[in-house]
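For reference, target_26.txt is printed below; it contains compact mmCIF, C-alpha atoms.
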# COMPACT_ATOMS: atom_id res chain seq x y z
CA MET H 240 25.09 -29.36 4.05
CA SER H 241 22.87 -32.37 3.31
CA ARG H 242 22.23 -33.61 -0.20
CA LEU H 243 18.52 -32.73 0.13
CA ARG H 244 19.40 -29.20 1.20
CA ARG H 245 21.85 -28.78 -1.68
CA SER H 246 19.24 -29.92 -4.18
CA SER H 247 16.70 -27.48 -2.72
CA TRP H 248 19.14 -24.60 -3.13
CA LEU H 249 19.88 -25.72 -6.68
CA VAL H 250 16.18 -25.79 -7.57
CA LEU H 251 15.70 -22.39 -5.92
CA ALA H 252 18.62 -20.93 -7.91
CA LEU H 253 17.20 -22.30 -11.16
CA LEU H 254 13.75 -20.89 -10.42
CA ALA H 255 15.28 -17.53 -9.47
CA ALA H 256 17.19 -17.47 -12.75
CA CYS H 257 14.00 -18.27 -14.67
CA GLY H 258 12.14 -15.54 -12.80
CA LEU H 259 14.89 -13.02 -13.57
CA LEU H 260 14.77 -14.04 -17.23
CA LEU H 261 10.98 -13.61 -17.36
CA ILE H 262 10.97 -10.25 -15.57
CA ALA H 263 14.08 -8.49 -16.84
CA PHE H 264 14.88 -9.91 -20.29
CA GLN H 265 11.81 -11.45 -21.89
CA PRO H 266 9.60 -8.80 -23.59
CA TYR H 267 6.08 -9.22 -22.30
CA ALA H 268 3.39 -6.88 -23.60
CA ALA H 269 2.35 -3.37 -24.64
CA GLY H 270 3.71 -3.16 -28.16
CA TYR H 271 5.15 -5.23 -30.96
CA GLY H 272 8.65 -6.10 -32.08
CA HIS H 273 11.39 -4.16 -30.35
CA PHE H 274 8.78 -1.84 -28.82
CA ARG H 275 7.60 -4.58 -26.48
CA ARG H 276 8.55 -3.90 -22.87
CA THR H 277 9.70 -6.30 -20.21
CA ILE H 278 7.91 -6.40 -16.88
CA LEU H 279 10.94 -4.75 -15.25
CA SER H 280 10.93 -1.86 -17.72
CA GLU H 281 7.18 -1.46 -17.17
CA LEU H 282 7.75 -1.30 -13.40
CA LEU H 283 10.53 1.26 -13.73
CA MET H 284 8.34 3.39 -15.97
CA GLN H 285 5.32 3.22 -13.64
CA TRP H 286 7.42 3.93 -10.56
CA LYS H 287 8.26 7.35 -12.00
CA ASP H 288 4.61 8.26 -11.46
CA PRO H 289 4.15 9.76 -7.95
CA THR H 290 1.11 7.52 -7.46
CA TRP H 291 3.26 4.38 -7.64
CA GLN H 292 6.63 5.62 -6.37
CA HIS H 293 6.20 3.68 -3.15
CA GLY H 294 6.52 0.46 -5.15
CA ALA H 295 10.27 0.97 -5.53
CA LEU H 296 10.64 0.68 -1.73
CA LEU H 297 8.68 -2.54 -1.38
CA PRO H 298 11.51 -4.95 -2.31
CA LEU H 299 13.64 -3.38 0.44
CA ILE H 300 10.78 -3.56 2.93
CA VAL H 301 10.08 -7.19 2.07
CA GLY H 302 13.78 -8.00 2.41
CA PHE H 303 13.76 -6.49 5.90
CA LEU H 304 10.65 -8.46 6.88
CA LEU H 305 12.24 -11.72 5.72
CA TRP H 306 15.52 -10.95 7.50
CA ARG H 307 13.68 -10.02 10.68
CA ARG H 308 12.05 -13.46 10.98
CA GLN H 309 14.83 -15.61 9.55
CA ASN H 310 15.77 -17.15 12.91
CA GLU H 311 12.14 -17.86 13.76
CA VAL H 312 11.52 -19.44 10.35
CA ALA H 313 14.70 -21.53 10.60
CA GLN H 314 13.33 -23.23 13.71
CA LEU H 315 10.24 -24.43 11.83
CA PRO H 316 10.40 -27.85 10.17
CA ALA H 317 11.18 -27.77 6.45
CA SER H 318 9.17 -30.00 4.18
CA SER H 319 8.03 -30.27 0.60
CA SER H 320 4.47 -29.82 -0.65
CA ARG H 321 3.29 -31.16 -4.00
CA SER H 322 0.64 -28.46 -4.05
CA GLY H 323 3.50 -26.00 -4.47
CA LEU H 324 4.57 -27.71 -7.69
CA ALA H 325 0.99 -27.56 -8.97
CA LEU H 326 0.92 -23.87 -8.07
CA ILE H 327 4.15 -23.29 -10.00
CA LEU H 328 2.69 -24.92 -13.13
CA PHE H 329 -0.46 -22.83 -12.79
CA ALA H 330 1.63 -19.66 -12.37
CA LEU H 331 3.61 -20.38 -15.54
CA PHE H 332 0.39 -21.05 -17.44
CA PHE H 333 -1.14 -17.81 -16.16
CA TYR H 334 2.02 -15.90 -17.05
CA PHE H 335 1.93 -17.29 -20.58
CA ALA H 336 -1.78 -16.46 -20.88
CA GLY H 337 -1.02 -12.85 -19.96
CA PHE H 338 1.81 -12.83 -22.49
CA ARG H 339 -0.54 -13.94 -25.24
CA ALA H 340 -3.27 -11.54 -24.09
CA ASN H 341 -0.87 -8.59 -23.93
CA ASN H 342 -1.81 -7.99 -20.28
CA PHE H 343 0.74 -6.98 -17.65
CA TYR H 344 -1.64 -7.66 -14.78
CA CYS H 345 -1.70 -11.37 -15.60
CA GLY H 346 2.09 -11.28 -15.55
CA TYR H 347 2.10 -9.67 -12.11
CA LEU H 348 -0.27 -12.29 -10.76
CA GLY H 349 1.70 -15.07 -12.40
CA ILE H 350 4.94 -13.93 -10.74
CA MET H 351 3.31 -13.63 -7.31
CA THR H 352 1.82 -17.12 -7.70
CA LEU H 353 5.20 -18.47 -8.81
CA ILE H 354 6.83 -17.11 -5.65
CA ALA H 355 4.13 -18.66 -3.46
CA GLY H 356 4.37 -22.01 -5.24
CA THR H 357 8.17 -22.08 -4.95
CA SER H 358 8.00 -21.43 -1.22
CA LEU H 359 5.43 -24.17 -0.73
CA TRP H 360 7.32 -26.69 -2.85
CA LEU H 361 10.74 -26.15 -1.29
CA GLU H 362 9.94 -25.10 2.28
CA GLY H 363 6.51 -26.43 3.11
CA ALA H 364 3.34 -24.93 4.51
CA GLN H 365 4.62 -23.87 7.95
CA ARG H 366 7.54 -21.81 6.69
CA SER H 367 5.43 -20.36 3.88
CA ARG H 368 2.78 -19.32 6.38
CA ALA H 369 5.44 -17.55 8.45
CA ARG H 370 6.41 -15.55 5.36
CA LEU H 371 2.84 -14.79 4.31
CA PHE H 372 2.85 -11.14 5.39
CA ALA H 373 6.06 -10.43 3.47
CA TRP H 374 4.49 -12.04 0.39
CA LEU H 375 1.36 -9.90 0.75
CA MET H 376 3.48 -6.77 1.11
CA LEU H 377 5.29 -7.67 -2.09
CA GLY H 378 1.90 -7.64 -3.81
CA LEU H 379 1.67 -3.90 -3.10
CA MET H 380 4.74 -3.37 -5.28
CA TRP H 381 2.86 -3.84 -8.55
CA PRO H 382 1.29 -0.72 -10.12
CA LEU H 383 -2.41 -1.02 -10.90
CA PRO H 384 -3.31 2.04 -13.01
CA PHE H 385 -6.75 0.65 -13.83
CA LEU H 386 -7.79 1.29 -10.23
CA GLU H 387 -6.71 4.90 -10.54
CA GLU H 388 -8.64 5.26 -13.77
CA SER H 389 -11.79 3.47 -12.57
CA ILE H 390 -12.31 5.02 -9.13
CA GLY H 391 -10.20 8.19 -9.36
CA TYR H 392 -13.06 10.35 -10.67
CA GLN H 393 -15.43 9.01 -8.01
CA MET H 394 -12.86 9.91 -5.36
CA ARG H 395 -12.69 13.45 -6.75
CA LEU H 396 -16.46 13.82 -6.53
CA LEU H 397 -16.43 12.45 -3.00
CA MET H 398 -13.71 14.93 -1.98
CA VAL H 399 -15.61 17.90 -3.44
CA LYS H 400 -18.96 16.98 -1.90
CA SER H 401 -17.57 16.11 1.54
CA THR H 402 -15.40 19.25 1.67
CA GLY H 403 -18.32 21.42 0.56
CA PHE H 404 -20.51 19.86 3.24
CA VAL H 405 -17.95 20.61 5.97
CA LEU H 406 -17.46 24.19 4.77
CA ASN H 407 -21.21 24.88 4.75
CA ALA H 408 -21.53 23.24 8.16
CA VAL H 409 -18.98 25.64 9.71
CA GLY H 410 -20.56 28.69 8.10
CA VAL H 411 -18.43 29.10 4.97
CA ASP H 412 -20.95 29.19 2.15
CA SER H 413 -19.58 27.24 -0.80
CA LEU H 414 -20.86 26.04 -4.15
CA VAL H 415 -20.07 22.59 -5.57
CA SER H 416 -20.00 22.27 -9.34
CA GLY H 417 -18.71 18.97 -10.68
CA THR H 418 -15.17 18.66 -9.34
CA ALA H 419 -14.87 22.40 -8.62
CA LEU H 420 -15.50 24.18 -5.34
CA GLN H 421 -15.84 27.94 -4.88
CA SER H 422 -17.13 30.46 -2.37
CA MET H 423 -20.66 31.77 -2.72
CA PRO H 424 -21.28 35.41 -3.65
CA ASN H 425 -22.14 37.92 -0.93
CA ILE H 426 -24.05 40.95 -2.18
CA ASP H 427 -23.87 42.77 1.16
CA LEU H 428 -20.07 42.60 1.22
CA GLY H 429 -19.72 43.06 -2.52
CA ARG H 430 -18.08 39.71 -3.11
CA LYS H 431 -18.57 37.70 -6.25
CA ALA H 432 -18.63 33.94 -6.54
CA GLY H 433 -15.12 32.59 -6.07
CA ASP H 434 -13.63 35.75 -4.59
CA LEU H 435 -12.61 33.98 -1.38
CA PHE H 436 -11.55 30.74 -2.99
CA SER H 437 -12.08 28.82 -6.20
CA VAL H 438 -10.44 25.43 -6.44
CA GLY H 439 -10.74 22.50 -8.77
CA ILE H 440 -10.06 19.09 -7.30
CA ALA H 441 -7.63 17.62 -9.83
CA ALA H 442 -6.75 13.95 -10.03
CA PRO H 443 -3.64 14.26 -7.79
CA CYS H 444 -5.77 15.94 -5.09
CA SER H 445 -8.48 13.27 -5.16
CA GLY H 446 -6.66 11.18 -2.56
CA MET H 447 -5.79 8.35 -4.94
CA ARG H 448 -2.10 9.26 -4.92
CA SER H 449 -1.86 9.09 -1.14
CA LEU H 450 -4.23 6.13 -0.80
CA PHE H 451 -1.89 3.52 -2.29
CA ALA H 452 1.08 4.77 -0.26
CA LEU H 453 -1.07 4.78 2.88
CA LEU H 454 -2.00 1.16 2.20
CA VAL H 455 1.66 0.28 2.62
CA VAL H 456 2.04 2.45 5.72
CA GLY H 457 -1.20 1.12 7.21
CA ALA H 458 -0.27 -2.51 6.58
CA LEU H 459 3.10 -2.11 8.30
CA PHE H 460 1.56 -0.12 11.15
CA SER H 461 -1.16 -2.73 11.72
CA TYR H 462 1.35 -5.61 11.57
CA PHE H 463 3.78 -4.16 14.11
CA ARG H 464 1.24 -2.44 16.34
CA GLN H 465 -1.15 -5.36 16.86
CA ARG H 466 -0.49 -9.04 17.41
CA VAL H 467 -3.91 -10.62 16.84
CA MET H 468 -4.93 -11.31 13.27
CA TRP H 469 -8.49 -9.97 13.43
CA ARG H 470 -7.29 -6.79 15.11
CA ARG H 471 -4.64 -6.29 12.44
CA PHE H 472 -7.31 -6.68 9.79
CA ALA H 473 -9.68 -4.31 11.63
CA LEU H 474 -6.98 -1.64 11.87
CA PHE H 475 -5.96 -2.09 8.23
CA SER H 476 -9.59 -1.82 7.09
CA MET H 477 -9.62 1.73 8.47
CA ILE H 478 -7.11 2.91 5.85
CA LEU H 479 -9.69 3.93 3.23
CA PRO H 480 -11.83 6.18 5.49
CA ILE H 481 -8.66 7.53 7.13
CA ALA H 482 -7.19 8.41 3.72
CA ILE H 483 -10.39 10.22 2.79
CA VAL H 484 -10.45 12.22 6.04
CA ALA H 485 -6.73 13.03 5.80
CA ASN H 486 -7.01 14.24 2.22
CA MET H 487 -10.11 16.29 3.04
CA THR H 488 -8.15 17.89 5.89
CA ARG H 489 -5.47 18.95 3.43
CA ILE H 490 -8.06 20.54 1.11
CA LEU H 491 -9.62 22.40 4.03
CA VAL H 492 -6.20 23.69 5.09
CA LEU H 493 -5.60 24.96 1.56
CA ILE H 494 -9.02 26.65 1.39
CA PHE H 495 -8.78 28.37 4.77
CA THR H 496 -5.23 29.50 3.98
CA ALA H 497 -6.46 30.88 0.65
CA MET H 498 -9.16 32.83 2.48
CA VAL H 499 -6.53 34.42 4.76
CA PHE H 500 -3.46 34.88 2.55
CA GLY H 501 -4.96 34.71 -0.92
CA GLN H 502 -5.38 31.89 -3.37
CA GLN H 503 -2.19 32.63 -5.31
CA TRP H 504 -0.03 32.18 -2.21
CA ALA H 505 -1.90 29.20 -0.78
CA ILE H 506 -2.69 27.20 -3.90
CA GLY H 507 -1.00 28.85 -6.87
CA ASP H 508 -1.99 28.57 -10.49
CA ALA H 509 -3.00 25.02 -11.35
CA GLU H 510 -2.46 25.67 -15.07
CA LYS H 511 1.12 26.91 -14.57
CA GLU H 512 2.65 26.08 -11.22
CA VAL H 513 1.27 25.31 -7.79
CA SER H 514 2.59 27.18 -4.78
CA VAL H 515 5.25 25.93 -2.38
CA PHE H 516 2.65 25.84 0.40
CA HIS H 517 0.43 23.65 -1.78
CA GLU H 518 3.25 21.13 -2.21
CA PHE H 519 4.16 21.29 1.48
CA THR H 520 0.63 20.42 2.61
CA GLY H 521 1.06 16.97 1.05
CA ILE H 522 2.77 16.06 4.32
CA VAL H 523 -0.47 16.88 6.15
CA VAL H 524 -2.15 13.83 4.62
CA PHE H 525 0.36 11.42 6.14
CA LEU H 526 0.56 13.21 9.50
CA VAL H 527 -3.22 13.15 9.91
CA ALA H 528 -3.39 9.55 8.71
CA LEU H 529 -0.75 8.40 11.20
CA LEU H 530 -2.49 10.22 14.04
CA LEU H 531 -5.82 8.62 13.14
CA LEU H 532 -4.19 5.18 12.83
CA GLN H 533 -2.62 5.61 16.26
CA PHE H 534 -5.96 6.69 17.69
CA ALA H 535 -7.73 3.67 16.16
CA SER H 536 -5.02 1.37 17.53
CA TRP H 537 -5.38 2.98 20.96
CA LEU H 538 -9.12 2.34 20.88
CA LEU H 539 -8.49 -1.31 20.05
CA ASP H 540 -6.04 -1.58 22.94
CA ARG H 541 -8.49 0.02 25.36
CA THR H 542 -11.49 -2.06 24.32
CA CYS H 543 -9.66 -5.39 23.87
CA GLY H 544 -6.96 -5.13 26.50
CA GLY H 545 -3.50 -4.33 25.23
CA PRO H 546 -2.03 -4.69 21.73
CA GLY H 547 -2.38 -8.47 21.73
CA PHE H 548 1.16 -9.38 22.74
CA LYS H 549 1.48 -12.70 24.45
CA SER H 550 2.28 -12.09 28.07
CA PRO H 551 5.01 -14.29 29.49
CA ARG H 552 3.84 -17.04 31.78
CA THR H 553 4.96 -16.80 35.36
CA VAL H 554 5.66 -20.20 36.83
CA SER H 555 5.51 -20.23 40.60
CA ARG H 556 7.29 -22.95 42.49
CA GLN H 557 6.50 -23.85 46.06
CA VAL H 558 9.57 -24.71 48.04
CA VAL H 559 8.89 -27.11 50.87
CA ALA H 560 11.46 -26.96 53.62
CA PRO H 561 12.42 -30.27 55.14
CA VAL H 562 11.06 -30.91 58.58
CA ILE H 563 13.82 -31.31 61.14

How does the structure come out when it is put into structure tokens?
Amino acid sequence: MSRLRRSSWLVLALLAACGLLLIAFQPYAAGYGHFRRTILSELLMQWKDPTWQHGALLPLIVGFLLWRRQNEVAQLPASSSRSGLALILFALFFYFAGFRANNFYCGYLGIMTLIAGTSLWLEGAQRSRARLFAWLMLGLMWPLPFLEESIGYQMRLLMVKSTGFVLNAVGVDSLVSGTALQSMPNIDLGRKAGDLFSVGIAAPCSGMRSLFALLVVGALFSYFRQRVMWRRFALFSMILPIAIVANMTRILVLIFTAMVFGQQWAIGDAEKEVSVFHEFTGIVVFLVALLLLQFASWLLDRTCGGPGFKSPRTVSRQVVAPVI
């Protein structure tokens, strides 16, 4: 191993040790004294929430992505970029600013920037560019509860209104009230309001919980299914509407099942315990989402000609026989 290579590994080991110290041992924010949590303890706490459980799998997924392309990256020329060192200094400054501001999000961004700067400084732009997708996937590991708090209620309203619109369109008269949805009364049949179904779209049913996990699934699906950057981006951009449609499908399944078998069996009591069928229908969201992703990818293949794989070149050689 060359002296330059040994020094690069030494610098990388030192930076990794510093990163481990900052993440796992140095208290960062959210409290004072011994109540202050490290970034690692914050991650472990947030990953217990079903909305962010997928984050625990991201380090394994990123490790697989790096291992998968290690031979390809090894063939690229290694170099050193001074911009990487500048990025490292900026990352440390941003991390310290978040520490002083008691803000975990600044710490997350500082760590991601530190990883990018280290790659640029030690490996150069070409190798860093080859690892860009793995770095972006690692960014999905960090929990962002402020997104859930800021747009979660709007997602609930969207789910209620869109589901009510579909029900009325197919002839099931329904009434939307805030985040609640119930069947309309029918005097001729002697039914009161809510006799057929009466559901409240709670925060877990708004689609936010499945949206963040579907972002991971959609990113991996787009990356492996398509080979052209703009087509990957186009397929990934479909995740939000697909998540909305998939979650609305689950709510419709619950409502129609409640109309047939009763609300207690289909949905359960939200204040005490939801039914087994209610929990099982969570799989419907991902099944519908995968089917819609596959359909969108198929449309791209049909309209643009294949998934974008580079076709091997066929070199034809003309053999000229000697004239006797």

As an exercise, work out the distance from CA of Leu531 in chain H to CA of Arg307 in chain H in Å and give it to one decimal place.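 These atoms are spaced 27.1 Å apart.
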
Nearest to Asn425 in chain H by atom-to-atom distance, counting only C-alpha atoms, from H:Val411, H:Ile327, H:Val438, H:Leu538: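 Counting only C-alpha atoms, the residue closest to Asn425 in chain H is H:Val411.
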
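Note that the spacing between CA of Ser422 in chain H and CA of Ser437 in chain H amounts to 6.5 Å.
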
One-decimal distance in Å that lies between CA of Gly521 in chain H and CA of Val405 in chain H: 20.0 Å

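With only C-alpha atoms as the atoms that count, the minimum distance from Glu311 in chain H to the choices H:Arg370, H:Arg395, H:His293, H:Arg471 is reached by H:Arg370.
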
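Nearest residue to Gly501 in chain H, choosing from H:Gln465, H:Leu474, H:Leu435, H:Gln533 and counting all atoms listed in the file: H:Leu435.
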
Would you list the contacts of Cys345 in chain H as a PyMOL selection string, taking every protein, DNA or RNA residue within 7 Å and counting all atoms listed in the file, but skipping same-chain residues closer than 6 positions in sequence? chain H and resi 333-334+337

Name the residues, using the chain letters and numbers of the file, that sit within 10 Å of (-9.3, 10.2, -5.7) when counting all atoms listed in the file, and give them as number ranges by chain. H: 387-398, 440-450, 482-483, 486

So which residues fall inside 7 Å of (5.9, -13.4, -1.1) if we count all atoms listed in the file? Mind giving them as a list in words?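 Final list of nearby residues, as requested, is Met351, Ile354, Ala355, Arg370, Leu371, Ala373, Trp374, Leu375 and Leu377 of chain H.
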
Find the residues around Ala535 in chain H up to 10 Å (only C-alpha atoms counted), leave out those fewer than 6 positions away in its own chain, and share them as an MDAnalysis selection string. chainID H and resid 473:475 477 481 529 541

Will you model N, CA and C atoms for range 380-394 of chain H and pass it back as a PDB file, in the frame of the given file?
ATOM      1  N   MET H 380       3.693  -3.951  -4.429  1.00  0.00           N
ATOM      2  CA  MET H 380       4.740  -3.370  -5.280  1.00  0.00           C
ATOM      3  C   MET H 380       4.234  -3.103  -6.696  1.00  0.00           C
ATOM      4  N   TRP H 381       3.271  -3.898  -7.149  1.00  0.00           N
ATOM      5  CA  TRP H 381       2.860  -3.840  -8.550  1.00  0.00           C
ATOM      6  C   TRP H 381       1.921  -2.667  -8.797  1.00  0.00           C
ATOM      7  N   PRO H 382       2.187  -1.846  -9.796  1.00  0.00           N
ATOM      8  CA  PRO H 382       1.290  -0.720 -10.120  1.00  0.00           C
ATOM      9  C   PRO H 382       0.009  -1.217 -10.780  1.00  0.00           C
ATOM     10  N   LEU H 383      -1.094  -0.641 -10.358  1.00  0.00           N
ATOM     11  CA  LEU H 383      -2.410  -1.020 -10.900  1.00  0.00           C
ATOM     12  C   LEU H 383      -3.129   0.239 -11.389  1.00  0.00           C
ATOM     13  N   PRO H 384      -2.717   0.785 -12.527  1.00  0.00           N
ATOM     14  CA  PRO H 384      -3.310   2.040 -13.010  1.00  0.00           C
ATOM     15  C   PRO H 384      -4.805   1.950 -13.290  1.00  0.00           C
ATOM     16  N   PHE H 385      -5.322   0.747 -13.541  1.00  0.00           N
ATOM     17  CA  PHE H 385      -6.750   0.650 -13.830  1.00  0.00           C
ATOM     18  C   PHE H 385      -7.588   1.034 -12.629  1.00  0.00           C
ATOM     19  N   LEU H 386      -7.059   0.836 -11.412  1.00  0.00           N
ATOM     20  CA  LEU H 386      -7.790   1.290 -10.230  1.00  0.00           C
ATOM     21  C   LEU H 386      -7.850   2.804 -10.173  1.00  0.00           C
ATOM     22  N   GLU H 387      -6.748   3.433 -10.525  1.00  0.00           N
ATOM     23  CA  GLU H 387      -6.710   4.900 -10.540  1.00  0.00           C
ATOM     24  C   GLU H 387      -7.679   5.453 -11.571  1.00  0.00           C
ATOM     25  N   GLU H 388      -7.765   4.782 -12.708  1.00  0.00           N
ATOM     26  CA  GLU H 388      -8.640   5.260 -13.770  1.00  0.00           C
ATOM     27  C   GLU H 388     -10.109   4.988 -13.463  1.00  0.00           C
ATOM     28  N   SER H 389     -10.392   3.863 -12.776  1.00  0.00           N
ATOM     29  CA  SER H 389     -11.790   3.470 -12.570  1.00  0.00           C
ATOM     30  C   SER H 389     -12.439   4.196 -11.392  1.00  0.00           C
ATOM     31  N   ILE H 390     -11.697   4.415 -10.312  1.00  0.00           N
ATOM     32  CA  ILE H 390     -12.310   5.020  -9.130  1.00  0.00           C
ATOM     33  C   ILE H 390     -11.760   6.411  -8.822  1.00  0.00           C
ATOM     34  N   GLY H 391     -10.790   6.878  -9.629  1.00  0.00           N
ATOM     35  CA  GLY H 391     -10.200   8.190  -9.360  1.00  0.00           C
ATOM     36  C   GLY H 391     -11.215   9.315  -9.457  1.00  0.00           C
ATOM     37  N   TYR H 392     -12.065   9.281 -10.498  1.00  0.00           N
ATOM     38  CA  TYR H 392     -13.060  10.350 -10.670  1.00  0.00           C
ATOM     39  C   TYR H 392     -14.087  10.315  -9.541  1.00  0.00           C
ATOM     40  N   GLN H 393     -14.479   9.116  -9.116  1.00  0.00           N
ATOM     41  CA  GLN H 393     -15.430   9.010  -8.010  1.00  0.00           C
ATOM     42  C   GLN H 393     -14.829   9.559  -6.716  1.00  0.00           C
ATOM     43  N   MET H 394     -13.534   9.351  -6.537  1.00  0.00           N
ATOM     44  CA  MET H 394     -12.860   9.910  -5.360  1.00  0.00           C
ATOM     45  C   MET H 394     -12.857  11.431  -5.421  1.00  0.00           C
TER      46      MET H 394
END
